[in-house]
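The structure under discussion appears below in the form of structure tokens.
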Amino acid sequence: MLYRKMPENGDELSILGFGCMRLPLKEDGTIDEQRARSLVRYAIDQGINYVDTAWPYHMGESEPFLGRTLADGYREKVKLATKLPSWLVESREDMDKFLNAQLERLKTDHIDYYLIHGLAGKLWDKLEALDATDFLNKAKADGRIVNAGFSFHGPVEDFKRIVDAYPWTFCQIQYNFMDEKHQAGTEGLKYAASKGLGIIVMEPLLGGNLAGQVPDEVKEIWAESPVKRTPPEWALRWVWNHPEVTVALSGMNEESQVEENLKIAGEAYPNSLTEDELQLISRVEKKYHELMKVGCTGCEYCMPCPSGVYIPECFRIYNDLHMFGNVEGARFKYAVNMSGVFTNSDPGGFASQCTECGQCMEKCPQGLKIPELLKAVAEELEGPDLEQRIAMAKKLFKRD
């Protein structure tokens, strides 16, 4: 296992972290605790020392599971990370209420790495107005939190503003070779690093999409390399090739995944990919984008939409559907992201809200026929069960 230092405090963290959002399940959908405990403890025994969870994972059962799993001396072997469920916070008192409940659920007296969960600009503005700064300062002072950070889902401009808003120790961003220009992206990665923040990467395999079924056109490109690697190895090595990255999280739910990722994490040094290998990965990235249904770059020149459609995100999820074929996953992601359930914002953003005013087409540098494309998005990602999927998301994130 290779380790990298958290810049501010010098903690030696395993470059592979165990993410507890996708634990193995039983047939009834609950955590297969015996198998999951075995996986987590085995990973720790092999050198992983950063374990990540959050309030809503596995319908709220991930934290209690981890509290039980880290008994018998395992808590002392790891740096434990969890997150304030920011979308549920309505007052300054709520912040302490959730943190104290998490300490009980995790059976610990402190959280080593505590994150404000799922930030974007408006949500951070709300929490800042509720005095999140005071909460973090006092929780650090009394020892309940050791290091403060945030996870992020939003545009890079918001990311930079949040980086500068508080003396964070670290941040957590979605980052992989398909997301260099999405959300914080490479620009945000380098900005945070320049400010001395450690960087935890989530979704290095794009939710498993870069590790599972691979389009034939992509397989042909990988096959050109004289060094043979699996798709997940290429993707993880690309992330770890960046010296700014401290830890990459992986939601491992099979023994084979743990073994493969541990092997890669013992060999993936920063700046170790050759120029030819980086060019190969760039070609794969371009091929994936060629396979997309919509040539949207996510520049957001089309925004804001006067009808409230979140145009780039509609196209992003639509493209994921057609690149990776996960129909149910894409439809559920669409319901969550467009309904405002996760971000605690007003419902909106759906493709069907389009009134065909045409303003977006006037601003789109790609010349996309956006209203026509949005009709296709609505046809494939909405449907009569949309309200049912929204209700499921509300239940998952405990929203009334």
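Residue names in the structure tokens use chain letters A, B, ... in the order shown, residue numbers from 1 in each chain, and ligand numbers from 1 in the order shown.
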Hey, which bits of region 266-314 of chain A sit within 8 Å of region 217-221 of chain A, and for each residue what's the closest pair of atoms and how far apart in Å (one decimal), counting only C-alpha atoms, rows by chain and increasing number, as a Markdown table?
| residue | atom | partner | partner_atom | distance |
| --- | --- | --- | --- | --- |
| A:Leu280 | CA | A:Ile221 | CA | 7.1 |
| A:Arg283 | CA | A:Ile221 | CA | 7.5 |
| A:Val284 | CA | A:Val218 | CA | 5.9 |
| A:Lys287 | CA | A:Val218 | CA | 6.6 |
| A:Tyr288 | CA | A:Val218 | CA | 7.3 |
Output file for the selection above: N, CA and C atoms, as a CSV table (one decimal), in the first residue's frame:
chain,number,residue,atom,x,y,z
A,280,LEU,N,-3.1,7.7,-24.6
A,280,LEU,CA,-4.1,6.5,-24.8
A,280,LEU,C,-5.3,6.8,-24.0
A,283,ARG,N,-7.4,9.4,-25.6
A,283,ARG,CA,-8.2,8.8,-26.7
A,283,ARG,C,-9.4,8.1,-26.2
A,284,VAL,N,-9.3,7.3,-25.1
A,284,VAL,CA,-10.5,6.6,-24.6
A,284,VAL,C,-11.5,7.7,-24.1
A,287,LYS,N,-13.3,8.9,-27.1
A,287,LYS,CA,-14.2,7.9,-27.7
A,287,LYS,C,-15.5,7.8,-26.9
A,288,TYR,N,-15.3,7.8,-25.5
A,288,TYR,CA,-16.5,7.8,-24.7
A,288,TYR,C,-17.4,9.0,-25.1
Rows by chain and residue number, region 194-278 of chain A within 9 Å of region 42-63 of chain A, shortest pair, only C-alpha atoms, as a Markdown table:
| residue | atom | partner | partner_atom | distance |
| --- | --- | --- | --- | --- |
| A:Val247 | CA | A:Tyr50 | CA | 8.1 |
| A:Leu249 | CA | A:Asp52 | CA | 7.8 |
| A:Val258 | CA | A:Ala43 | CA | 6.9 |
| A:Glu259 | CA | A:Ala43 | CA | 8.6 |
| A:Leu262 | CA | A:Gln46 | CA | 7.8 |
Each residue of region 74-118 of chain A lying at most 12 Å from region 3-20 of chain A should get a row with its shortest atom-to-atom pair and the distance in Å to one decimal, counting only C-alpha atoms; could you produce that, ordered by chain and increasing number, as a Markdown table?
| residue | atom | partner | partner_atom | distance |
| --- | --- | --- | --- | --- |
| A:Lys77 | CA | A:Leu13 | CA | 11.2 |
| A:Val78 | CA | A:Leu13 | CA | 9.0 |
| A:Lys79 | CA | A:Leu13 | CA | 8.1 |
| A:Leu80 | CA | A:Phe18 | CA | 10.0 |
| A:Ala81 | CA | A:Gly19 | CA | 9.5 |
| A:Thr82 | CA | A:Cys20 | CA | 9.9 |
| A:Asp112 | CA | A:Asp11 | CA | 10.5 |
| A:Tyr113 | CA | A:Met6 | CA | 11.0 |
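Using only C-alpha atoms, the shortest contact distance between Tyr310 (chain A) and any of A:Ala211, A:Cys354, A:Ile281, A:Cys364 is found at A:Cys354.
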According to DSSP computed on the backbone, where in region 152-228 of chain A is there alpha helix (DSSP H)? Give the residues as a PDB file with N, CA and C atoms, in the first residue's frame.
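Written file, selection-v9.pdb:
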ATOM      1  N   VAL A 156     -17.339  25.002 -10.855  1.00  0.00           N
ATOM      2  CA  VAL A 156     -16.024  25.289 -10.299  1.00  0.00           C
ATOM      3  C   VAL A 156     -15.961  26.676  -9.655  1.00  0.00           C
ATOM      4  N   GLU A 157     -16.752  27.613 -10.141  1.00  0.00           N
ATOM      5  CA  GLU A 157     -16.748  28.946  -9.534  1.00  0.00           C
ATOM      6  C   GLU A 157     -17.217  28.870  -8.084  1.00  0.00           C
ATOM      7  N   ASP A 158     -18.261  28.098  -7.831  1.00  0.00           N
ATOM      8  CA  ASP A 158     -18.721  27.894  -6.452  1.00  0.00           C
ATOM      9  C   ASP A 158     -17.644  27.200  -5.627  1.00  0.00           C
ATOM     10  N   PHE A 159     -16.980  26.230  -6.250  1.00  0.00           N
ATOM     11  CA  PHE A 159     -15.956  25.472  -5.543  1.00  0.00           C
ATOM     12  C   PHE A 159     -14.852  26.388  -5.029  1.00  0.00           C
ATOM     13  N   LYS A 160     -14.352  27.241  -5.879  1.00  0.00           N
ATOM     14  CA  LYS A 160     -13.277  28.143  -5.472  1.00  0.00           C
ATOM     15  C   LYS A 160     -13.729  29.061  -4.345  1.00  0.00           C
ATOM     16  N   ARG A 161     -14.958  29.537  -4.448  1.00  0.00           N
ATOM     17  CA  ARG A 161     -15.481  30.427  -3.411  1.00  0.00           C
ATOM     18  C   ARG A 161     -15.577  29.714  -2.062  1.00  0.00           C
ATOM     19  N   ILE A 162     -16.001  28.452  -2.090  1.00  0.00           N
ATOM     20  CA  ILE A 162     -16.114  27.697  -0.842  1.00  0.00           C
ATOM     21  C   ILE A 162     -14.733  27.364  -0.282  1.00  0.00           C
ATOM     22  N   VAL A 163     -13.791  27.024  -1.151  1.00  0.00           N
ATOM     23  CA  VAL A 163     -12.413  26.780  -0.700  1.00  0.00           C
ATOM     24  C   VAL A 163     -11.901  27.978   0.098  1.00  0.00           C
ATOM     25  N   GLY A 185     -13.503  19.606 -11.209  1.00  0.00           N
ATOM     26  CA  GLY A 185     -12.607  19.277 -12.302  1.00  0.00           C
ATOM     27  C   GLY A 185     -11.138  19.525 -11.990  1.00  0.00           C
ATOM     28  N   THR A 186     -10.333  19.487 -13.027  1.00  0.00           N
ATOM     29  CA  THR A 186      -8.895  19.700 -12.868  1.00  0.00           C
ATOM     30  C   THR A 186      -8.601  21.115 -12.386  1.00  0.00           C
ATOM     31  N   GLU A 187      -9.372  22.067 -12.861  1.00  0.00           N
ATOM     32  CA  GLU A 187      -9.165  23.448 -12.429  1.00  0.00           C
ATOM     33  C   GLU A 187      -9.356  23.571 -10.920  1.00  0.00           C
ATOM     34  N   GLY A 188     -10.413  22.956 -10.411  1.00  0.00           N
ATOM     35  CA  GLY A 188     -10.662  22.997  -8.972  1.00  0.00           C
ATOM     36  C   GLY A 188      -9.629  22.205  -8.187  1.00  0.00           C
ATOM     37  N   LEU A 189      -9.232  21.049  -8.722  1.00  0.00           N
ATOM     38  CA  LEU A 189      -8.213  20.228  -8.083  1.00  0.00           C
ATOM     39  C   LEU A 189      -6.949  21.038  -7.843  1.00  0.00           C
ATOM     40  N   LYS A 190      -6.492  21.708  -8.872  1.00  0.00           N
ATOM     41  CA  LYS A 190      -5.247  22.470  -8.759  1.00  0.00           C
ATOM     42  C   LYS A 190      -5.432  23.698  -7.871  1.00  0.00           C
ATOM     43  N   TYR A 191      -6.609  24.287  -7.905  1.00  0.00           N
ATOM     44  CA  TYR A 191      -6.856  25.457  -7.057  1.00  0.00           C
ATOM     45  C   TYR A 191      -6.821  25.063  -5.585  1.00  0.00           C
ATOM     46  N   ALA A 192      -7.523  23.988  -5.234  1.00  0.00           N
ATOM     47  CA  ALA A 192      -7.542  23.541  -3.841  1.00  0.00           C
ATOM     48  C   ALA A 192      -6.149  23.165  -3.369  1.00  0.00           C
ATOM     49  N   ALA A 193      -5.403  22.486  -4.231  1.00  0.00           N
ATOM     50  CA  ALA A 193      -4.044  22.095  -3.865  1.00  0.00           C
ATOM     51  C   ALA A 193      -3.164  23.320  -3.645  1.00  0.00           C
ATOM     52  N   SER A 194      -3.366  24.356  -4.461  1.00  0.00           N
ATOM     53  CA  SER A 194      -2.562  25.572  -4.310  1.00  0.00           C
ATOM     54  C   SER A 194      -2.844  26.284  -3.001  1.00  0.00           C
ATOM     55  N   ASP A 216     -17.123  -1.681 -27.048  1.00  0.00           N
ATOM     56  CA  ASP A 216     -16.112  -2.357 -27.867  1.00  0.00           C
ATOM     57  C   ASP A 216     -15.083  -1.380 -28.428  1.00  0.00           C
ATOM     58  N   GLU A 217     -15.546  -0.184 -28.814  1.00  0.00           N
ATOM     59  CA  GLU A 217     -14.618   0.798 -29.378  1.00  0.00           C
ATOM     60  C   GLU A 217     -13.560   1.212 -28.367  1.00  0.00           C
ATOM     61  N   VAL A 218     -13.942   1.234 -27.099  1.00  0.00           N
ATOM     62  CA  VAL A 218     -12.992   1.579 -26.033  1.00  0.00           C
ATOM     63  C   VAL A 218     -12.047   0.417 -25.766  1.00  0.00           C
ATOM     64  N   LYS A 219     -12.576  -0.797 -25.796  1.00  0.00           N
ATOM     65  CA  LYS A 219     -11.728  -1.976 -25.593  1.00  0.00           C
ATOM     66  C   LYS A 219     -10.603  -2.015 -26.625  1.00  0.00           C
ATOM     67  N   GLU A 220     -10.918  -1.650 -27.837  1.00  0.00           N
ATOM     68  CA  GLU A 220      -9.910  -1.676 -28.907  1.00  0.00           C
ATOM     69  C   GLU A 220      -8.769  -0.707 -28.626  1.00  0.00           C
ATOM     70  N   ILE A 221      -9.093   0.420 -28.045  1.00  0.00           N
ATOM     71  CA  ILE A 221      -8.038   1.387 -27.715  1.00  0.00           C
ATOM     72  C   ILE A 221      -7.175   0.865 -26.571  1.00  0.00           C
ATOM     73  N   TRP A 222      -7.816   0.370 -25.504  1.00  0.00           N
ATOM     74  CA  TRP A 222      -7.029  -0.183 -24.389  1.00  0.00           C
ATOM     75  C   TRP A 222      -6.092  -1.284 -24.883  1.00  0.00           C
TER      76      TRP A 222
END
